[in-house]
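Q: Shown below is the structure under consideration.
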Amino acid sequence: MIQKKDTALKNAEASVKSLRAVEHHYCAGCGHGIIHRLICEAIDEYGIRDRVIAVAPVGCAVIAYEYWNFDVTEAAHGRTPAVATGIKRVRPNNIVFTYQGDGDLAAIGTAEIIHAANRGENITVIFVNNGVYGMTGGQMAPTTLAGQKTSTTMEGRSLRRDGYPLKILEMLAVLPGVKYVERVAVNSSHEVLRAKRAISKAFKMQIDGKGFSIVEVLSMCPTYWGMTPIQASDRIKNDVAIFYPLGVIKSC
């Protein structure tokens with residue numbers, strides 16, 4: 001069994017150069033591993049691995065540098081777009097992207113993402129939305145749906161008390177500096193293929209110097225949703241994607 005696992009890891013590394021052949025720490029059924037691979041496939045297909053610099057967040061993907069075989073730096077919680085902006089401005093020939101969860105981007109980092117987008121910074125943002133704070137115990141996030149139970153909303157999110165879930169993409173799309181906005185999911189093979197196309201396009205926008213691009217990925221969190229991986233995948237389709245509709249919101 002161990003030999004088969006080692007062989008599978010080596011095969012994965014051989015097929016995707018930007019992805020390290022190591023086991024990840026994510027929970028069973030989590031979407032982060034899928035999204036990591038889609039990013040790496042896009043980078044390999046464009047042949048830009050030696051130019052890429054990723055900025056990792058505070059959150060479940062805080063040690064993404066353990067899985068990606070290209071340069072990665074970290075940022076303070078929510079400051080990921082600011083760090084990416086600084087890197088891109090001093091190294092304009094590099095391909096710079098941020099990888100952020102809903103707590104990092106939509107809560108403490110709201111101001112950072114809005115102003116980076118408004119300035120039209122030529123960076124790519126991958127925004128993973130699983131509706132909870134996954135790393136710190138499953139607390140309510142800005143994207144938690146109404147009525148959703150979390151460790152801080154035991155009876156469900158109350159719109160009167162907590163307000164409405166934030167639709168970050170719709171907020172950013174109205175800004176003139178934003179050139180490409182799309183929401184995808186990774187709950188099925190069909191949606192994974194759509195997600196790959198969106199991530200690839202977001203990188204192409206930066207390669208072509210078009211400006212700010214962001215892809216939101218609806219991702220499963222079986223652990224803090226209290227579901228099996230299959231149930232979590234179904235929830236994306238039947239619940240989450242109803243409030244957060246999939247598709248291109250803006251493309252210039």
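Order determines the names: the first chain of the structure tokens is A, the second B, and so forth; residues in each chain are numbered 1 upward, and ligands are numbered 1 upward as they are shown.
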Met205 (chain A): which residues within 9 Å, counting only C-alpha atoms, same-chain residues fewer than 4 positions away excluded, as a ChimeraX atom specification?
A: /A:122-124,179-180,200-201,209-213
Q: Would you list, as a PyMOL selection string, the residues of region 5-250 of chain A that end up in strand (DSSP E) under DSSP run on this structure's backbone?
A: chain A and resi 52-56+71-74+95-101+124-129+132-133+139-140+178-185+212-218+247-250
Q: Can you write just those residues out, C-alpha atoms, as a PDB file, in the first residue's frame?
A:
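To be explicit, this is the file written out as result-v2.pdb:
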ATOM      1  CA  VAL A  52       5.299  32.899 -10.744  1.00  0.00           C
ATOM      2  CA  ILE A  53       5.170  34.342  -7.226  1.00  0.00           C
ATOM      3  CA  ALA A  54       2.205  33.339  -5.073  1.00  0.00           C
ATOM      4  CA  VAL A  55       1.087  35.099  -1.915  1.00  0.00           C
ATOM      5  CA  ALA A  56      -0.367  32.730   0.674  1.00  0.00           C
ATOM      6  CA  ASP A  71       8.039  30.849  -5.290  1.00  0.00           C
ATOM      7  CA  VAL A  72       5.535  31.574  -2.518  1.00  0.00           C
ATOM      8  CA  THR A  73       5.563  34.220   0.177  1.00  0.00           C
ATOM      9  CA  GLU A  74       3.168  34.897   3.029  1.00  0.00           C
ATOM     10  CA  ILE A  95       3.203  36.577 -12.602  1.00  0.00           C
ATOM     11  CA  VAL A  96       1.813  37.322  -9.150  1.00  0.00           C
ATOM     12  CA  PHE A  97      -1.300  35.774  -7.653  1.00  0.00           C
ATOM     13  CA  THR A  98      -2.994  35.640  -4.285  1.00  0.00           C
ATOM     14  CA  TYR A  99      -4.753  32.598  -2.866  1.00  0.00           C
ATOM     15  CA  GLN A 100      -7.312  33.678  -0.268  1.00  0.00           C
ATOM     16  CA  GLY A 101     -10.152  32.238   1.754  1.00  0.00           C
ATOM     17  CA  THR A 124      -4.648  37.481 -10.250  1.00  0.00           C
ATOM     18  CA  VAL A 125      -6.773  36.598  -7.215  1.00  0.00           C
ATOM     19  CA  ILE A 126      -8.032  33.095  -6.456  1.00  0.00           C
ATOM     20  CA  PHE A 127     -10.783  33.453  -3.849  1.00  0.00           C
ATOM     21  CA  VAL A 128     -11.828  30.214  -2.140  1.00  0.00           C
ATOM     22  CA  ASN A 129     -15.279  30.502  -0.587  1.00  0.00           C
ATOM     23  CA  VAL A 132     -16.658  29.374   7.241  1.00  0.00           C
ATOM     24  CA  TYR A 133     -13.364  30.052   8.992  1.00  0.00           C
ATOM     25  CA  GLN A 139     -16.749  30.250  12.919  1.00  0.00           C
ATOM     26  CA  MET A 140     -19.144  32.363  10.864  1.00  0.00           C
ATOM     27  CA  VAL A 178     -11.468  45.192 -12.588  1.00  0.00           C
ATOM     28  CA  LYS A 179     -11.235  43.363 -15.920  1.00  0.00           C
ATOM     29  CA  TYR A 180     -12.255  39.756 -15.301  1.00  0.00           C
ATOM     30  CA  VAL A 181     -14.599  38.314 -12.675  1.00  0.00           C
ATOM     31  CA  GLU A 182     -15.970  34.767 -12.602  1.00  0.00           C
ATOM     32  CA  ARG A 183     -17.464  32.426 -10.015  1.00  0.00           C
ATOM     33  CA  VAL A 184     -16.954  28.677 -10.323  1.00  0.00           C
ATOM     34  CA  ALA A 185     -17.159  25.567  -8.133  1.00  0.00           C
ATOM     35  CA  PHE A 212      -7.061  42.941 -12.147  1.00  0.00           C
ATOM     36  CA  SER A 213      -8.768  39.556 -12.332  1.00  0.00           C
ATOM     37  CA  ILE A 214     -10.490  37.450  -9.680  1.00  0.00           C
ATOM     38  CA  VAL A 215     -11.959  33.958  -9.680  1.00  0.00           C
ATOM     39  CA  GLU A 216     -14.165  32.898  -6.787  1.00  0.00           C
ATOM     40  CA  VAL A 217     -14.268  29.142  -6.220  1.00  0.00           C
ATOM     41  CA  LEU A 218     -17.131  27.678  -4.204  1.00  0.00           C
ATOM     42  CA  GLY A 247     -20.664  32.152 -14.232  1.00  0.00           C
ATOM     43  CA  VAL A 248     -18.817  35.127 -15.722  1.00  0.00           C
ATOM     44  CA  ILE A 249     -19.797  38.382 -14.054  1.00  0.00           C
ATOM     45  CA  LYS A 250     -17.428  40.659 -15.970  1.00  0.00           C
TER      46      LYS A 250
END
Q: If you measure from CA of Met135 (chain A) to CA of Ala195 (chain A), what distance in Å do you get, rounded to one decimal?
A: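 Going from CA of Met135 (chain A) over to CA of Ala195 (chain A), I get 23.4 Å.
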Q: If you run DSSP on this backbone, which residues of region 22-75 of chain A come out as alpha helix (DSSP H), and could you give them as number ranges by chain?
A: A: 32-46
Q: Excluding Tyr164 (chain A) and residues on its chain fewer than 4 positions from it, collect all residues at most 10 Å away from it, counting only C-alpha atoms, and give them as a list in words.
A: Pro142, Thr143, Thr144, Leu145, Ala146, Arg157, Ser158, Leu159 and Arg160 of chain A
Q: Using only C-alpha atoms, which residue out of A:Tyr67, A:Ala107, A:Gln148, A:Lys17 lies closest to Asp239 (chain A)?
A: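 Nearest candidate to Asp239 (chain A) out of A:Tyr67, A:Ala107, A:Gln148, A:Lys17: A:Gln148.
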Q: I need the residue nearest Gly103 (chain A) from this list: A:Lys196, A:Arg79, A:Lys204, A:His115. Use only C-alpha atoms for the distance.
A: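 The shortest atom-to-atom distance to Gly103 (chain A) comes from A:Arg79.
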